[in-house]
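Colleague: Here it is: the structure, laid out below.
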Amino acid sequence: MFNETQTRARPLWDWRIAGVALGSLMAFSTAVFKPLGVSTSYCTSWGMVLSAVAPEWAKNHPYLKLVGTSVSGEWMLVVGLILGAWFAARLSRSSVHAAIPVMWSERFGSSRLLRFGIAGLGGFLFLFGARLAGGCTSGHVLSGLSQLALSSAVFAVGVFTTGIFTAKILYRRAR
Amino acid sequence: MLALIVPLLIGLAFGAILQRAGASRYELILGALRLENLTILKFMLLAIGVAAVGIGGLAAFGLAHFAIKPLYFWGVLLGGLVFGVGFALSGYCPGTSLIAGVEGRRDAWATVGGAFAGAIAYTLAYPFLRPVLVLPANLGAPTLPTTIRLSPTLAGLLGGGLFIVLAFLLPRTPQRRPAGRGASEPLQLAKRA
C-alpha cells in the first residue's frame, strides 16, 4: 500500500526544467489554441450526459449553454492530459499502487474510509469553487497569472489563504 | 478535426509535464501548503514567468489568443477561498487528481468523483448564485497592463521577469538551513520536517 518509492523509477524532473517546459507549452498553446484550462470540462461532461438524458432541459439550461454539451477543444485537452500522464508514468516507471498518501497515513492512520471521504469532499469543494470563480489551478493560476489578469490574482490570493490555513490546521500537531 | 487534435496534443504534453514535475503527488502539494517544501510553488512561478514572457512576445506580433477571465470580485474571491480548502483537503486539483488517478493513487479517484459531484452541484446552483455572486461587482476583465496603461508586451516581459526572479529567490525548504543536509534530499524523503 505504501510503496511510494520504487527503485527503478526515474527521478522527477528538476523544477527548473519542468517550469521552462510548462511555461513554453503555455505560450505555445496561447499562440495556436488558447490558454490551458481544465475545470470547465467536468461540467461539459455533465452537459454531454444530460443532453442525452434530458435534451430539452439541457438545451435551455443557462450554465450548460456556457460550458457546452458536446466535445470541445478544451475537453480534448483534458483527454490528452489523462493520456499524457499515463504515458509519462509508464515510461518513467513511476506508477504506484497506493491507496493513501504516506504523509496522510502518518498523521491520520490507515483508514481508507476517512481518506477517501476527505479526498472526495476536497474534490467537491475545489470544483465548486473553481466553477464559481471561472477557473482552477490551470485556467486561473497558471494561465490567468501568465496573462497578468487581475481576476486570477484575486483567485490565487483566495486559494493560498485558505489552502495554507487548512493545511496548517490539518497538520498542526505533526510538527 | 485539426481543431480537436491540436488541443489533444497540447494536453498530452501538459499531462506528461505535470506528472514528471510531481504536481500530482499529495506530499508535494501539502508540502507547499504547509510551507515546508516549496518545490511545486517554484515550478509554478517559473512556468507562469516563462509563459508571461512568451505571451508578451507573441502579443508584439499579434499572435497571442488572450482569454482574460472576468473579475466579479465576490464570486472570484469566494471561489478561490472554497477552492483552497478543497485543494488542501484532497492534495489534488481538477487536473492533477486525474493524473494521480492514472498513476495508481486510488484516493485521487475519490477526489475525481467528488469533483464531478461539485460540477453538477454548481451547474444546478448557477441560476440561483448568478444574481448574487456573478453579476454584482463585475469589473470587466482587467489585466495589469490595461490597468496601468502599459503595452501587453512590455508588461509581459517585466511581469514575467518578476515571476522568474521570484521562482529562484523562493527557498525550497524554508524551515531548514539552505546549505543543510535537507536541501539536497530527494523529494520523496522530504515528508518529515
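In the C-alpha cells, each chain is lettered A, B, ... as it comes, each chain's residues begin at 1, and ligands are numbered from 1 in order of appearance.
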Pick out the residues sitting within 12 Å of B:Ala59, and hand them over as a list in words; count only C-alpha atoms, and ignore anything fewer than 3 positions along from it in its own chain.
Modeller: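 Surrounding residues, per the criterion: Ala27, Thr30, Ala31 and Gln147 of chain A; Ala51, Ala52, Val53, Gly54, Ile55, Gly56, Gly62, Leu63, Ala64, His65, Phe66, Ser151, Pro152, Thr153, Leu154, Ala155, Gly156 and Leu157 of chain B.
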Colleague: If DSSP is run on the backbone, what residues of stretch 73-191 of chain B are helix (DSSP H, G or I)? A reply as a PyMOL selection string would be ideal.
Modeller: chain B and resi 73-90+94-103+107-134+144-148+152-169+181-184+187-189
Colleague: One decimal, in Å: what's the spacing between atom CA of B:Leu89 and atom CA of A:Gly122?
Modeller: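 Interatomic distance, atom CA of B:Leu89 to atom CA of A:Gly122: 5.0 Å.
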Colleague: Near stretch 54-71 of chain A, within 12 Å and counting only C-alpha atoms, which residues show up once chain neighbours fewer than 5 positions away are dropped, as a PyMOL selection string?
Modeller: (chain A and resi 38-49+76-79+131-132+134-135) or (chain B and resi 1+3-5+7-8+119-130)
Colleague: Generate the output file for the selected residues, C-alpha atoms, as a PDB file, in the first residue's frame.
Modeller:
ATOM      1  CA  VAL A  38      -9.273  22.030 -17.076  1.00  0.00           C
ATOM      2  CA  SER A  39     -12.207  22.606 -14.724  1.00  0.00           C
ATOM      3  CA  THR A  40     -14.825  23.618 -17.337  1.00  0.00           C
ATOM      4  CA  SER A  41     -14.624  20.143 -18.874  1.00  0.00           C
ATOM      5  CA  TYR A  42     -16.076  18.495 -15.756  1.00  0.00           C
ATOM      6  CA  CYS A  43     -19.263  20.477 -16.407  1.00  0.00           C
ATOM      7  CA  THR A  44     -19.081  19.864 -20.175  1.00  0.00           C
ATOM      8  CA  SER A  45     -19.031  16.119 -19.393  1.00  0.00           C
ATOM      9  CA  TRP A  46     -22.230  16.550 -17.396  1.00  0.00           C
ATOM     10  CA  GLY A  47     -23.595  18.517 -20.318  1.00  0.00           C
ATOM     11  CA  MET A  48     -22.967  15.542 -22.627  1.00  0.00           C
ATOM     12  CA  VAL A  49     -24.719  13.136 -20.243  1.00  0.00           C
ATOM     13  CA  MET A  76      -9.978  17.123 -25.774  1.00  0.00           C
ATOM     14  CA  LEU A  77      -7.178  18.853 -23.871  1.00  0.00           C
ATOM     15  CA  VAL A  78      -8.279  17.027 -20.714  1.00  0.00           C
ATOM     16  CA  VAL A  79      -8.393  13.714 -22.607  1.00  0.00           C
ATOM     17  CA  ARG A 131     -16.653  26.962 -11.335  1.00  0.00           C
ATOM     18  CA  LEU A 132     -17.812  29.826  -9.100  1.00  0.00           C
ATOM     19  CA  GLY A 134     -14.444  30.699 -13.500  1.00  0.00           C
ATOM     20  CA  GLY A 135     -11.205  28.688 -13.433  1.00  0.00           C
TER      21      GLY A 135
ATOM     22  CA  MET B   1     -10.770  17.807 -36.907  1.00  0.00           C
ATOM     23  CA  ALA B   3      -9.331  21.946 -34.004  1.00  0.00           C
ATOM     24  CA  LEU B   4      -9.632  18.877 -31.763  1.00  0.00           C
ATOM     25  CA  ILE B   5      -6.261  17.232 -32.474  1.00  0.00           C
ATOM     26  CA  PRO B   7      -5.608  20.619 -28.053  1.00  0.00           C
ATOM     27  CA  LEU B   8      -5.323  16.835 -27.645  1.00  0.00           C
ATOM     28  CA  ALA B 119     -19.554  20.167 -11.039  1.00  0.00           C
ATOM     29  CA  ILE B 120     -23.212  19.138 -11.127  1.00  0.00           C
ATOM     30  CA  ALA B 121     -23.894  20.926  -7.815  1.00  0.00           C
ATOM     31  CA  TYR B 122     -22.572  24.200  -9.261  1.00  0.00           C
ATOM     32  CA  THR B 123     -24.435  23.670 -12.541  1.00  0.00           C
ATOM     33  CA  LEU B 124     -27.723  23.232 -10.661  1.00  0.00           C
ATOM     34  CA  ALA B 125     -26.958  26.108  -8.264  1.00  0.00           C
ATOM     35  CA  TYR B 126     -25.900  28.515 -11.044  1.00  0.00           C
ATOM     36  CA  PRO B 127     -29.342  30.058 -11.732  1.00  0.00           C
ATOM     37  CA  PHE B 128     -29.536  30.980  -8.026  1.00  0.00           C
ATOM     38  CA  LEU B 129     -25.887  32.012  -7.491  1.00  0.00           C
ATOM     39  CA  ARG B 130     -25.592  34.085 -10.662  1.00  0.00           C
TER      40      ARG B 130
END
Colleague: Nearest residue to A:Ser138 out of B:Val165, B:Cys93, B:Leu45, B:Val50, using only C-alpha atoms?
Modeller: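 For A:Ser138, the nearest of the given residues is B:Cys93.
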Colleague: When you look at stretch 91-99 of chain A with a cut-off of 6 Å (counting only C-alpha atoms), what residues show up, excluding the ones that are within fewer than 4 positions of it in the same chain? I need them as a list in words.
Modeller: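 My list of contacting residues is Met1, Phe2, Ala9, Arg10 and Phe87 of chain A; Glu103, Gly104, Arg105, Arg106 and Asp107 of chain B.
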Colleague: For the residues in the current selection, export N, CA and C atoms as a PDB file, in the first residue's frame.
Modeller:
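The file below, selection.pdb, is the result:
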ATOM      1  N   MET A   1       0.830  -1.205   0.000  1.00  0.00           N
ATOM      2  CA  MET A   1       0.000   0.000   0.000  1.00  0.00           C
ATOM      3  C   MET A   1       0.868   1.261   0.000  1.00  0.00           C
ATOM      4  N   PHE A   2       2.055   1.175   0.615  1.00  0.00           N
ATOM      5  CA  PHE A   2       2.841   2.401   0.782  1.00  0.00           C
ATOM      6  C   PHE A   2       4.137   2.405  -0.030  1.00  0.00           C
ATOM      7  N   ALA A   9      12.168   3.495 -10.520  1.00  0.00           N
ATOM      8  CA  ALA A   9      11.500   4.708 -11.007  1.00  0.00           C
ATOM      9  C   ALA A   9      12.510   5.804 -11.317  1.00  0.00           C
ATOM     10  N   ARG A  10      12.290   6.485 -12.424  1.00  0.00           N
ATOM     11  CA  ARG A  10      13.156   7.627 -12.742  1.00  0.00           C
ATOM     12  C   ARG A  10      12.846   8.770 -11.796  1.00  0.00           C
ATOM     13  N   PHE A  87       1.088   7.863 -20.043  1.00  0.00           N
ATOM     14  CA  PHE A  87       2.325   7.505 -20.753  1.00  0.00           C
ATOM     15  C   PHE A  87       3.558   7.900 -19.937  1.00  0.00           C
TER      16      PHE A  87
ATOM     17  N   GLU B 103      -1.934   7.394 -12.365  1.00  0.00           N
ATOM     18  CA  GLU B 103      -0.648   6.938 -11.821  1.00  0.00           C
ATOM     19  C   GLU B 103      -0.817   5.806 -10.821  1.00  0.00           C
ATOM     20  N   GLY B 104      -2.038   5.570 -10.367  1.00  0.00           N
ATOM     21  CA  GLY B 104      -2.283   4.491  -9.417  1.00  0.00           C
ATOM     22  C   GLY B 104      -2.535   4.949  -7.996  1.00  0.00           C
ATOM     23  N   ARG B 105      -2.830   6.222  -7.800  1.00  0.00           N
ATOM     24  CA  ARG B 105      -3.168   6.722  -6.456  1.00  0.00           C
ATOM     25  C   ARG B 105      -4.683   6.679  -6.330  1.00  0.00           C
ATOM     26  N   ARG B 106      -5.181   5.646  -5.614  1.00  0.00           N
ATOM     27  CA  ARG B 106      -6.624   5.398  -5.664  1.00  0.00           C
ATOM     28  C   ARG B 106      -7.439   6.454  -4.943  1.00  0.00           C
ATOM     29  N   ASP B 107      -6.841   7.110  -3.940  1.00  0.00           N
ATOM     30  CA  ASP B 107      -7.612   8.165  -3.263  1.00  0.00           C
ATOM     31  C   ASP B 107      -7.953   9.302  -4.237  1.00  0.00           C
TER      32      ASP B 107
END
Colleague: Hey, what's within 10 Å of A:Asp14 if we count only C-alpha atoms and toss same-chain stuff fewer than 5 positions away? As JSON, numbers by chain, please?
Modeller: {"A": [19], "B": [20, 21, 22, 39, 43]}
Colleague: Hey, can you spit out that residue selection with N, CA and C atoms as a compact mmCIF listing (two decimals), in the first residue's frame?
Modeller:
# COMPACT_ATOMS: atom_id res chain seq x y z
N GLY A 19 9.57 23.68 -15.15
CA GLY A 19 8.97 25.01 -15.23
C GLY A 19 9.12 25.64 -16.60
N ARG B 20 5.69 14.51 -14.52
CA ARG B 20 7.14 14.48 -14.31
C ARG B 20 7.62 15.54 -13.32
N ALA B 21 6.82 16.59 -13.13
CA ALA B 21 7.17 17.61 -12.13
C ALA B 21 6.78 17.17 -10.72
N GLY B 22 5.93 16.14 -10.63
CA GLY B 22 5.46 15.68 -9.33
C GLY B 22 4.27 16.47 -8.81
N THR B 39 8.88 23.34 -3.60
CA THR B 39 9.31 22.97 -4.95
C THR B 39 8.22 23.21 -5.99
N PHE B 43 8.16 25.74 -9.22
CA PHE B 43 7.84 25.23 -10.55
C PHE B 43 6.71 26.04 -11.20
Colleague: Could you work out how far atom CA of B:Gly86 lies from atom CA of A:Leu125, giving the answer in Å with one decimal?
Modeller: 4.8 Å
Colleague: If we count only C-alpha atoms, what is near A:Ala149 at a cut-off of 9 Å, once residues fewer than 5 positions away on the same chain are taken out, given as a PyMOL selection string?
Modeller: (chain A and resi 140+143-144) or (chain B and resi 68-71+141-145)
Colleague: Could you check which of A:Val154, A:Val20, A:Met26, A:Leu12 is closest to A:Ala133, using only C-alpha atoms?
Modeller: A:Val154
Colleague: Name the closest residue to A:Leu145 among the candidates A:Ile82, A:Leu36, A:Ala52, A:Ala88; distances are taken between atoms, counting only C-alpha atoms.
Modeller: A:Leu36
